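**Q** Can you read through this structure? Questions will come right after.
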Amino acid sequence: MHDILPDEAERWQALEAIIRDFAARFGYGEIRTPVVEHTEVFQRTIEEKEMYTLTDRGGRSLTLRPEGTAAVMRAYLEHGMASQPQPVRLYYIAPMFRYDRPQKGRYRMHHQFGAEIIGSPSPTADVEVLSLPIRLIQALGLTEVSVRLNSVGDPVCRPAYEEALRAYFTEHIDRLCEDCRRRLQVNPLRILECKEPECHAVAMDAPKMVEHLCEPCREHLAAVKSLFTAIGIPFVDDPMIVRGLDYYTRTAVEVHSGRLGGAQNSMLGGGRYDGLAEQLEGPPVPGVGFGQGIERLLLVLKSEGLEIPHPARHPDGIAVFVASVGAAADLEAFRLVDQLRRAGISAVGEMQGRGLRAQMKQADKLGARYAVILGEQELAARQAGVRDMRNGSQDGVALDRILQTLSTRIKEQQ
């Protein structure tokens, strides 16, 4: 664990301001969960030996928060957030505690910026939440970063893959470390995450999950790749990116930095966790998110000699809701939302497959200042409807002028 002294704290404050600005652009609200939770919140998410656990004076088992996602899902369930407009977008900046081997830029008490989209099974949610830290990294001017993508399947196709892994690793058990020999029967996917050189060498030739995906998981992965491509975010297929816990499903992503070096080059990890709510004894609720280490991000920024810019101020709340009907319009809407956010305008789009009327109700519930409406007719005319949500007026704007038009109108109202 480490102290953050005044001269370094200034860099932390500047980075946190940028993070909050980006989270606002993407439509995320901040959540702050307790540093200490009942141990059962994390028992299914973190290996016991990595947790700081204590018994309080009332005999209850408590654990210092080792990761953010389980705590956020617990809060979502406990506070009835399913009754809010779905999906729910939440972010946090918080300390985490892991009794693990200290690594470069990773301490036993470290800090994470994380975000979750809860309530949508759509691949659009995967790419939206994962594009948030990627756009942040790009805006900070970082180079030597790569997005690495894989799928871990789902409860339908993963069991057969796990059996294939067991068979393979059993043949090489004499080369595995003690932890991986234990993981072999309990959860062989965790072997793929092991950083021990010999285990990593064995894992490189192991069966690949993409060869065992069922058709729905294959389609989900293809849609995620298509959406990343649509907004110009390059990625690398990496079969070694996995999430070894049962509640993780489908998308798994890491962003690596060439500046960190070796096996400790991961800046952030994320993925879909559609089984987590049930693990916490709640109803089935889809979710997807990421966690980004702040110490590592600051370390890479320093190594590249980059200063942290001060974010521009913009109005609170959602400025633009992009409503779309039809597959082609959905893709154009997704591109537009990304463009608006990159221009500093807070915007969200549809990812629940609702009709136009329901989407406009959603825009109203979210307090959006403007709604952009895209459908087949609008695309054919290469324009979109732009509705002022306060007075109900609407006009048509050419697609290539929407960004400029909205930027001007929002600026005039500030």
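Scheme for the structure tokens: letters A, B, ... for chains in order shown; per-chain residue numbers from 1; ligand numbers from 1 in order shown.
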If you run DSSP on this backbone, which residues of segment 91-215 of chain A come out as alpha helix (DSSP H), and could you give them as a ChimeraX atom specification?
**A** /A:123-139,158-171,178-186,197-203,215
**Q** Store the residues of this selection in a file with N, CA and C atoms, as a short mmCIF file (atom, residue, chain, number, x, y, z; two decimals), in the first residue's frame.
**A**
```
data_model
loop_
_atom_site.label_atom_id
_atom_site.label_comp_id
_atom_site.auth_asym_id
_atom_site.auth_seq_id
_atom_site.Cartn_x
_atom_site.Cartn_y
_atom_site.Cartn_z
N PRO A 123 -25.19 -6.53 -27.66
CA PRO A 123 -23.76 -6.27 -27.91
C PRO A 123 -23.45 -4.78 -27.99
N THR A 124 -24.47 -3.97 -28.29
CA THR A 124 -24.28 -2.52 -28.28
C THR A 124 -23.81 -2.04 -26.91
N ALA A 125 -24.35 -2.64 -25.84
CA ALA A 125 -23.95 -2.27 -24.49
C ALA A 125 -22.48 -2.61 -24.25
N ASP A 126 -22.04 -3.76 -24.75
CA ASP A 126 -20.65 -4.17 -24.59
C ASP A 126 -19.71 -3.12 -25.17
N VAL A 127 -19.98 -2.72 -26.40
CA VAL A 127 -19.07 -1.81 -27.09
C VAL A 127 -19.18 -0.41 -26.51
N GLU A 128 -20.40 0.00 -26.10
CA GLU A 128 -20.53 1.33 -25.51
C GLU A 128 -19.71 1.46 -24.24
N VAL A 129 -19.88 0.52 -23.31
CA VAL A 129 -19.20 0.66 -22.02
C VAL A 129 -17.69 0.51 -22.19
N LEU A 130 -17.25 -0.35 -23.11
CA LEU A 130 -15.82 -0.54 -23.31
C LEU A 130 -15.19 0.60 -24.11
N SER A 131 -16.00 1.29 -24.91
CA SER A 131 -15.46 2.43 -25.65
C SER A 131 -15.18 3.62 -24.73
N LEU A 132 -15.83 3.65 -23.56
CA LEU A 132 -15.60 4.75 -22.61
C LEU A 132 -14.13 4.85 -22.20
N PRO A 133 -13.51 3.80 -21.63
CA PRO A 133 -12.09 3.95 -21.26
C PRO A 133 -11.17 4.05 -22.47
N ILE A 134 -11.57 3.44 -23.59
CA ILE A 134 -10.72 3.52 -24.79
C ILE A 134 -10.68 4.96 -25.31
N ARG A 135 -11.85 5.62 -25.37
CA ARG A 135 -11.87 7.02 -25.81
C ARG A 135 -11.13 7.91 -24.80
N LEU A 136 -11.22 7.59 -23.52
CA LEU A 136 -10.46 8.34 -22.50
C LEU A 136 -8.97 8.22 -22.75
N ILE A 137 -8.51 6.99 -22.98
CA ILE A 137 -7.09 6.74 -23.23
C ILE A 137 -6.62 7.51 -24.47
N GLN A 138 -7.45 7.49 -25.52
CA GLN A 138 -7.09 8.20 -26.74
C GLN A 138 -7.03 9.72 -26.51
N ALA A 139 -7.99 10.24 -25.74
CA ALA A 139 -8.02 11.68 -25.48
C ALA A 139 -6.82 12.14 -24.65
N ARG A 158 -19.86 -23.33 -22.78
CA ARG A 158 -18.62 -23.34 -22.01
C ARG A 158 -18.30 -24.69 -21.36
N PRO A 159 -19.29 -25.46 -20.85
CA PRO A 159 -18.94 -26.74 -20.20
C PRO A 159 -18.11 -27.67 -21.09
N ALA A 160 -18.47 -27.78 -22.37
CA ALA A 160 -17.71 -28.64 -23.28
C ALA A 160 -16.29 -28.13 -23.46
N TYR A 161 -16.15 -26.80 -23.50
CA TYR A 161 -14.82 -26.22 -23.62
C TYR A 161 -13.98 -26.50 -22.38
N GLU A 162 -14.60 -26.40 -21.20
CA GLU A 162 -13.87 -26.68 -19.96
C GLU A 162 -13.37 -28.12 -19.93
N GLU A 163 -14.17 -29.03 -20.44
CA GLU A 163 -13.74 -30.44 -20.49
C GLU A 163 -12.57 -30.62 -21.45
N ALA A 164 -12.60 -29.89 -22.57
CA ALA A 164 -11.48 -29.94 -23.52
C ALA A 164 -10.20 -29.40 -22.88
N LEU A 165 -10.36 -28.33 -22.08
CA LEU A 165 -9.20 -27.78 -21.37
C LEU A 165 -8.66 -28.77 -20.35
N ARG A 166 -9.55 -29.40 -19.59
CA ARG A 166 -9.10 -30.37 -18.58
C ARG A 166 -8.29 -31.49 -19.23
N ALA A 167 -8.81 -31.99 -20.34
CA ALA A 167 -8.11 -33.08 -21.03
C ALA A 167 -6.73 -32.63 -21.49
N TYR A 168 -6.65 -31.41 -22.03
CA TYR A 168 -5.37 -30.91 -22.52
C TYR A 168 -4.38 -30.68 -21.38
N PHE A 169 -4.81 -29.96 -20.33
CA PHE A 169 -3.89 -29.62 -19.25
C PHE A 169 -3.50 -30.85 -18.42
N THR A 170 -4.36 -31.85 -18.37
CA THR A 170 -4.00 -33.09 -17.66
C THR A 170 -2.78 -33.74 -18.30
N GLU A 171 -2.67 -33.64 -19.61
CA GLU A 171 -1.52 -34.20 -20.32
C GLU A 171 -0.22 -33.46 -19.98
N GLU A 178 1.57 -25.06 -8.73
CA GLU A 178 0.69 -25.66 -7.72
C GLU A 178 -0.73 -25.10 -7.81
N ASP A 179 -0.85 -23.78 -7.98
CA ASP A 179 -2.18 -23.17 -8.08
C ASP A 179 -2.94 -23.70 -9.28
N CYS A 180 -2.27 -23.84 -10.43
CA CYS A 180 -2.94 -24.30 -11.64
C CYS A 180 -3.33 -25.77 -11.56
N ARG A 181 -2.56 -26.56 -10.83
CA ARG A 181 -2.96 -27.96 -10.63
C ARG A 181 -4.27 -28.03 -9.85
N ARG A 182 -4.42 -27.13 -8.90
CA ARG A 182 -5.69 -27.07 -8.15
C ARG A 182 -6.81 -26.54 -9.04
N ARG A 183 -6.50 -25.56 -9.88
CA ARG A 183 -7.52 -24.99 -10.77
C ARG A 183 -7.99 -25.99 -11.83
N LEU A 184 -7.18 -26.96 -12.12
CA LEU A 184 -7.47 -27.91 -13.19
C LEU A 184 -8.85 -28.55 -13.02
N GLN A 185 -9.20 -28.93 -11.81
CA GLN A 185 -10.49 -29.55 -11.57
C GLN A 185 -11.56 -28.52 -11.22
N VAL A 186 -11.17 -27.46 -10.51
CA VAL A 186 -12.15 -26.48 -10.05
C VAL A 186 -12.58 -25.55 -11.16
N PRO A 197 5.60 -18.28 -16.16
CA PRO A 197 6.10 -18.51 -17.52
C PRO A 197 5.80 -19.90 -18.07
N GLU A 198 5.99 -20.94 -17.26
CA GLU A 198 5.78 -22.30 -17.75
C GLU A 198 4.29 -22.56 -18.01
N CYS A 199 3.43 -22.11 -17.10
CA CYS A 199 1.99 -22.27 -17.29
C CYS A 199 1.52 -21.51 -18.53
N HIS A 200 2.07 -20.31 -18.71
CA HIS A 200 1.69 -19.51 -19.88
C HIS A 200 2.12 -20.20 -21.17
N ALA A 201 3.30 -20.80 -21.17
CA ALA A 201 3.78 -21.50 -22.36
C ALA A 201 2.88 -22.69 -22.71
N VAL A 202 2.46 -23.43 -21.68
CA VAL A 202 1.55 -24.56 -21.91
C VAL A 202 0.20 -24.06 -22.44
N ALA A 203 -0.30 -22.97 -21.85
CA ALA A 203 -1.62 -22.45 -22.22
C ALA A 203 -1.67 -21.95 -23.65
N GLU A 215 -23.96 -20.96 -31.48
CA GLU A 215 -24.31 -19.98 -32.50
C GLU A 215 -24.69 -18.62 -31.91
#
```
**Q** Pick from A:Arg60, A:His212, A:Arg20, A:Lys365: nearest to Arg250 of chain A, with only C-alpha atoms counted?
**A**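 Of the candidates, the smallest distance to Arg250 of chain A is held by A:His212.
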**Q** Neighbouring residues of Gly326 of chain A were defined as those with any atom within 12 Å, considering only C-alpha atoms; residues of the same chain fewer than 6 positions away were excluded. Please report them as a ChimeraX atom specification.
**A** /A:332-333,350-351,353-356,373-379
**Q** Identify, on the basis of only C-alpha atoms, every residue whose closest approach to Gly396 of chain A does not exceed 9 Å; exclude the query and any residue fewer than 2 positions from it along the same chain; express the result as JSON, numbers by chain.
**A** {"A": [378, 383, 384, 385, 386, 387, 394, 398]}
**Q** Do you have the atom CA of His110 of chain A-atom CA of Asp274 of chain A distance handy?
**A** 26.1 Å
**Q** At a cut-off of 10 Å, using only C-alpha atoms, what residues contact Leu245 of chain A? Leave out same-chain residues fewer than 4 positions from it and give the result as a ChimeraX atom specification.
**A** /A:44-47,152,187,189-190,249,273,275-276
**Q** Write out the residues from the selection above, keeping C-alpha atoms, as a JSON list (two decimals), in the first residue's frame.
**A**
```
[["chain", "number", "residue", "atom", "x", "y", "z"],
["A", 44, "ARG", "CA", -18.13, -16.08, -5.74],
["A", 45, "THR", "CA", -16.10, -13.37, -7.48],
["A", 46, "ILE", "CA", -12.62, -13.47, -5.91],
["A", 47, "GLU", "CA", -10.43, -16.29, -4.65],
["A", 152, "VAL", "CA", -15.78, -16.88, -22.98],
["A", 187, "ASN", "CA", -11.93, -24.01, -12.95],
["A", 189, "LEU", "CA", -10.16, -21.35, -17.48],
["A", 190, "ARG", "CA", -8.15, -19.74, -14.67],
["A", 249, "THR", "CA", -20.34, -14.66, -20.29],
["A", 273, "TYR", "CA", -21.37, -10.91, -16.55],
["A", 275, "GLY", "CA", -24.83, -14.58, -14.40],
["A", 276, "LEU", "CA", -23.71, -12.30, -11.55]]
```
**Q** Hey, what's within 12 Å of Ala347 of chain A if we count only C-alpha atoms and toss same-chain stuff fewer than 3 positions away? As a PDB file with C-alpha atoms, in the first residue's frame, please?
**A**
```pdb
ATOM      1  CA  PHE A  22     -16.058  11.419 -19.880  1.00  0.00           C
ATOM      2  CA  ALA A  23     -18.505   9.487 -17.694  1.00  0.00           C
ATOM      3  CA  ALA A  24     -20.960  12.394 -17.965  1.00  0.00           C
ATOM      4  CA  ARG A  25     -20.623  12.469 -21.761  1.00  0.00           C
ATOM      5  CA  PHE A  26     -21.508   8.790 -21.886  1.00  0.00           C
ATOM      6  CA  GLY A  27     -24.515   9.219 -19.592  1.00  0.00           C
ATOM      7  CA  TYR A  28     -23.171   7.486 -16.473  1.00  0.00           C
ATOM      8  CA  GLU A 128     -20.531   1.332 -25.514  1.00  0.00           C
ATOM      9  CA  PRO A 315     -24.208  21.176 -18.677  1.00  0.00           C
ATOM     10  CA  ASP A 316     -25.204  18.408 -16.300  1.00  0.00           C
ATOM     11  CA  GLY A 317     -27.413  15.596 -17.572  1.00  0.00           C
ATOM     12  CA  ILE A 318     -27.939  14.131 -21.025  1.00  0.00           C
ATOM     13  CA  ALA A 319     -27.807  16.633 -23.881  1.00  0.00           C
ATOM     14  CA  VAL A 320     -28.855  14.287 -26.704  1.00  0.00           C
ATOM     15  CA  PHE A 321     -30.797  11.029 -26.960  1.00  0.00           C
ATOM     16  CA  VAL A 322     -30.423   9.305 -30.347  1.00  0.00           C
ATOM     17  CA  ALA A 323     -33.536   7.267 -31.202  1.00  0.00           C
ATOM     18  CA  ALA A 333     -27.152   6.043 -34.477  1.00  0.00           C
ATOM     19  CA  PHE A 334     -24.332   4.212 -32.708  1.00  0.00           C
ATOM     20  CA  ARG A 335     -21.764   6.054 -34.829  1.00  0.00           C
ATOM     21  CA  LEU A 336     -23.483   9.378 -34.116  1.00  0.00           C
ATOM     22  CA  VAL A 337     -23.522   8.819 -30.342  1.00  0.00           C
ATOM     23  CA  ASP A 338     -19.787   8.096 -30.455  1.00  0.00           C
ATOM     24  CA  GLN A 339     -19.142  11.260 -32.507  1.00  0.00           C
ATOM     25  CA  LEU A 340     -21.171  13.407 -30.113  1.00  0.00           C
ATOM     26  CA  ARG A 341     -19.304  12.090 -27.078  1.00  0.00           C
ATOM     27  CA  ARG A 342     -15.930  12.611 -28.717  1.00  0.00           C
ATOM     28  CA  ALA A 343     -16.992  16.222 -29.392  1.00  0.00           C
ATOM     29  CA  GLY A 344     -17.692  16.678 -25.680  1.00  0.00           C
ATOM     30  CA  GLU A 350     -31.165   2.963 -27.759  1.00  0.00           C
ATOM     31  CA  ALA A 363     -35.455  10.407 -23.697  1.00  0.00           C
ATOM     32  CA  LEU A 366     -33.544  10.880 -18.879  1.00  0.00           C
ATOM     33  CA  GLY A 367     -34.085  14.646 -19.193  1.00  0.00           C
ATOM     34  CA  ALA A 368     -32.465  14.855 -22.634  1.00  0.00           C
ATOM     35  CA  ARG A 369     -32.361  18.372 -24.122  1.00  0.00           C
ATOM     36  CA  TYR A 370     -32.598  17.106 -27.710  1.00  0.00           C
ATOM     37  CA  ALA A 371     -33.642  13.893 -29.435  1.00  0.00           C
ATOM     38  CA  VAL A 372     -32.259  12.827 -32.795  1.00  0.00           C
ATOM     39  CA  LEU A 403     -22.882  17.289 -35.062  1.00  0.00           C
ATOM     40  CA  LEU A 406     -26.266  20.291 -32.112  1.00  0.00           C
ATOM     41  CA  SER A 407     -22.916  21.714 -30.997  1.00  0.00           C
TER      42      SER A 407
END
```
**Q** List the spatial neighbours of segment 280-293 of chain A as a VMD selection string - criterion: any atom at most 8 Å away, only C-alpha atoms, same-chain residues fewer than 5 positions off excluded.
**A** chain A and resid 41 68 to 69 74 77 106 110 to 121 125 to 126 129 to 130 133 267 to 275
**Q** Could you write out that same residue set with C-alpha atoms as a CSV table (one decimal), in the first residue's frame?
**A**
```csv
chain,number,residue,atom,x,y,z
A,41,VAL,CA,-20.9,-10.5,-1.8
A,68,GLY,CA,-16.2,-3.0,-7.9
A,69,THR,CA,-18.6,-5.0,-10.1
A,74,ARG,CA,-25.5,-5.8,-5.0
A,77,LEU,CA,-30.5,-5.3,-6.6
A,106,ARG,CA,-0.7,-2.5,-8.8
A,110,HIS,CA,-5.1,0.3,-5.5
A,111,HIS,CA,-7.7,2.5,-7.1
A,112,GLN,CA,-10.0,1.7,-10.0
A,113,PHE,CA,-12.1,3.7,-12.4
A,114,GLY,CA,-14.9,1.3,-13.4
A,115,ALA,CA,-18.3,1.5,-15.2
A,116,GLU,CA,-21.2,-0.8,-15.7
A,117,ILE,CA,-24.2,-1.0,-18.0
A,118,ILE,CA,-26.8,-3.1,-16.2
A,119,GLY,CA,-30.1,-4.3,-17.8
A,120,SER,CA,-29.2,-4.8,-21.5
A,121,PRO,CA,-28.1,-8.0,-23.2
A,125,ALA,CA,-23.9,-2.3,-24.5
A,126,ASP,CA,-20.6,-4.2,-24.6
A,129,VAL,CA,-19.2,0.7,-22.0
A,130,LEU,CA,-15.8,-0.5,-23.3
A,133,PRO,CA,-12.1,3.9,-21.3
A,267,MET,CA,-4.2,-1.4,-18.1
A,268,LEU,CA,-7.9,-2.5,-17.8
A,269,GLY,CA,-10.1,-5.6,-18.1
A,270,GLY,CA,-13.8,-5.8,-18.9
A,271,GLY,CA,-16.5,-8.1,-20.0
A,272,ARG,CA,-20.1,-9.3,-19.8
A,273,TYR,CA,-21.4,-10.9,-16.6
A,274,ASP,CA,-25.0,-12.0,-17.2
A,275,GLY,CA,-24.8,-14.6,-14.4
```
**Q** Please report the interatomic distance between atom CA of Ile231 of chain A and atom CA of Thr408 of chain A in Å with one decimal.
**A** 23.0 Å
**Q** Just list as a PyMOL selection string whatever in segment 11-260 of chain A DSSP marks as strand (DSSP E).
**A** chain A and resi 29-30+36-38+53-55+61-64+88-97+109-118+145-151+236-237+249-257
**Q** With N, CA and C atoms retained, export the selected residues as a compact mmCIF listing (two decimals), in the first residue's frame.
**A**
```txt
# COMPACT_ATOMS: atom_id res chain seq x y z
N GLY A 29 -24.00 7.76 -14.21
CA GLY A 29 -24.11 8.38 -12.92
C GLY A 29 -23.14 7.73 -11.95
N GLU A 30 -22.61 8.52 -11.01
CA GLU A 30 -21.63 7.97 -10.06
C GLU A 30 -22.32 7.17 -8.96
N VAL A 36 -16.31 -1.68 2.90
CA VAL A 36 -16.47 -3.00 3.52
C VAL A 36 -17.85 -3.54 3.20
N GLU A 37 -17.92 -4.82 2.77
CA GLU A 37 -19.20 -5.48 2.48
C GLU A 37 -19.23 -6.81 3.22
N HIS A 38 -20.42 -7.39 3.32
CA HIS A 38 -20.51 -8.76 3.81
C HIS A 38 -19.69 -9.65 2.87
N THR A 53 -10.25 -10.29 4.82
CA THR A 53 -11.50 -10.62 5.50
C THR A 53 -11.30 -10.56 7.01
N LEU A 54 -12.31 -10.05 7.71
CA LEU A 54 -12.25 -9.94 9.16
C LEU A 54 -13.62 -10.29 9.75
N THR A 55 -13.63 -10.57 11.04
CA THR A 55 -14.88 -10.81 11.77
C THR A 55 -15.11 -9.64 12.71
N SER A 61 -18.85 -11.84 9.18
CA SER A 61 -17.67 -11.86 8.31
C SER A 61 -17.77 -10.73 7.31
N LEU A 62 -16.77 -9.84 7.33
CA LEU A 62 -16.72 -8.68 6.45
C LEU A 62 -15.44 -8.71 5.62
N THR A 63 -15.52 -8.12 4.42
CA THR A 63 -14.37 -8.13 3.51
C THR A 63 -14.15 -6.73 2.94
N LEU A 64 -12.89 -6.28 2.94
CA LEU A 64 -12.55 -5.05 2.24
C LEU A 64 -12.79 -5.25 0.75
N VAL A 88 -29.32 0.78 -16.82
CA VAL A 88 -28.77 1.71 -15.85
C VAL A 88 -27.27 1.81 -16.08
N ARG A 89 -26.77 3.05 -16.17
CA ARG A 89 -25.34 3.30 -16.40
C ARG A 89 -24.73 3.87 -15.12
N LEU A 90 -23.73 3.18 -14.58
CA LEU A 90 -23.11 3.58 -13.32
C LEU A 90 -21.59 3.57 -13.46
N TYR A 91 -20.93 4.50 -12.77
CA TYR A 91 -19.46 4.48 -12.74
C TYR A 91 -18.98 4.75 -11.33
N TYR A 92 -17.73 4.42 -11.07
CA TYR A 92 -17.14 4.64 -9.75
C TYR A 92 -15.65 4.90 -9.88
N ILE A 93 -15.11 5.62 -8.91
CA ILE A 93 -13.67 5.78 -8.71
C ILE A 93 -13.44 5.41 -7.26
N ALA A 94 -12.74 4.31 -7.00
CA ALA A 94 -12.74 3.79 -5.64
C ALA A 94 -11.49 2.95 -5.36
N PRO A 95 -11.08 2.87 -4.08
CA PRO A 95 -9.98 1.98 -3.72
C PRO A 95 -10.43 0.53 -3.65
N MET A 96 -9.55 -0.38 -4.04
CA MET A 96 -9.78 -1.83 -3.98
C MET A 96 -8.65 -2.45 -3.17
N PHE A 97 -8.94 -3.59 -2.56
CA PHE A 97 -7.97 -4.24 -1.69
C PHE A 97 -7.80 -5.70 -2.11
N MET A 109 -3.50 -2.15 -1.93
CA MET A 109 -4.59 -1.18 -2.01
C MET A 109 -4.34 -0.36 -3.27
N HIS A 110 -5.21 -0.52 -4.25
CA HIS A 110 -5.07 0.26 -5.48
C HIS A 110 -6.43 0.88 -5.81
N HIS A 111 -6.46 1.75 -6.79
CA HIS A 111 -7.67 2.48 -7.13
C HIS A 111 -8.13 2.12 -8.54
N GLN A 112 -9.42 2.06 -8.72
CA GLN A 112 -9.98 1.73 -10.03
C GLN A 112 -11.02 2.75 -10.46
N PHE A 113 -11.00 3.02 -11.75
CA PHE A 113 -12.13 3.65 -12.43
C PHE A 113 -12.88 2.53 -13.11
N GLY A 114 -14.15 2.38 -12.80
CA GLY A 114 -14.93 1.32 -13.41
C GLY A 114 -16.29 1.84 -13.83
N ALA A 115 -16.93 1.16 -14.77
CA ALA A 115 -18.27 1.52 -15.21
C ALA A 115 -19.03 0.26 -15.58
N GLU A 116 -20.34 0.30 -15.38
CA GLU A 116 -21.20 -0.85 -15.66
C GLU A 116 -22.45 -0.39 -16.40
N ILE A 117 -22.89 -1.18 -17.37
CA ILE A 117 -24.23 -1.04 -17.95
C ILE A 117 -25.01 -2.27 -17.50
N ILE A 118 -26.05 -2.04 -16.71
CA ILE A 118 -26.84 -3.14 -16.16
C ILE A 118 -28.25 -3.08 -16.74
N VAL A 145 -0.91 1.32 -27.13
CA VAL A 145 -1.98 0.58 -26.48
C VAL A 145 -2.70 -0.28 -27.51
N SER A 146 -3.18 -1.44 -27.07
CA SER A 146 -3.92 -2.32 -27.98
C SER A 146 -5.12 -2.91 -27.26
N VAL A 147 -6.24 -2.98 -27.97
CA VAL A 147 -7.48 -3.57 -27.47
C VAL A 147 -7.47 -5.04 -27.86
N ARG A 148 -7.63 -5.92 -26.88
CA ARG A 148 -7.56 -7.36 -27.11
C ARG A 148 -8.88 -7.99 -26.73
N LEU A 149 -9.47 -8.74 -27.66
CA LEU A 149 -10.86 -9.17 -27.57
C LEU A 149 -11.00 -10.69 -27.68
N ASN A 150 -11.92 -11.23 -26.90
CA ASN A 150 -12.22 -12.67 -26.95
C ASN A 150 -13.65 -12.88 -26.47
N SER A 151 -14.12 -14.12 -26.54
CA SER A 151 -15.40 -14.51 -25.95
C SER A 151 -15.16 -15.70 -25.04
N VAL A 236 -7.58 -6.61 -31.52
CA VAL A 236 -6.85 -7.82 -31.86
C VAL A 236 -7.58 -9.01 -31.24
N ASP A 237 -7.84 -10.05 -32.02
CA ASP A 237 -8.40 -11.29 -31.46
C ASP A 237 -7.34 -11.95 -30.59
N THR A 249 -19.83 -14.09 -19.04
CA THR A 249 -20.34 -14.66 -20.29
C THR A 249 -19.86 -13.82 -21.47
N ARG A 250 -19.65 -14.51 -22.57
CA ARG A 250 -19.39 -13.86 -23.86
C ARG A 250 -18.22 -12.88 -23.83
N THR A 251 -18.43 -11.60 -24.03
CA THR A 251 -17.34 -10.67 -24.30
C THR A 251 -16.33 -10.58 -23.15
N ALA A 252 -15.05 -10.68 -23.51
CA ALA A 252 -13.94 -10.44 -22.58
C ALA A 252 -12.93 -9.55 -23.29
N VAL A 253 -12.52 -8.46 -22.63
CA VAL A 253 -11.64 -7.47 -23.25
C VAL A 253 -10.55 -7.05 -22.27
N GLU A 254 -9.36 -6.82 -22.78
CA GLU A 254 -8.31 -6.15 -22.03
C GLU A 254 -7.69 -5.09 -22.93
N VAL A 255 -7.18 -4.04 -22.31
CA VAL A 255 -6.38 -3.05 -23.03
C VAL A 255 -4.97 -3.12 -22.47
N HIS A 256 -4.00 -3.35 -23.34
CA HIS A 256 -2.61 -3.51 -22.92
C HIS A 256 -1.79 -2.29 -23.32
N SER A 257 -0.74 -2.03 -22.53
CA SER A 257 0.20 -0.96 -22.84
C SER A 257 1.59 -1.54 -23.05
```
**Q** Between A:Val325, A:Pro309, A:Arg32, A:Glu295, which has the minimum distance to Asp3 of chain A (counting only C-alpha atoms)?
**A**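 Checking each candidate against Asp3 of chain A, we get A:Glu295 as the closest.
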**Q** To one decimal place, how far is atom CA of Asp364 of chain A from atom CA of Met389 of chain A in Å?
**A**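 Here the two named atoms are 7.2 Å from each other.
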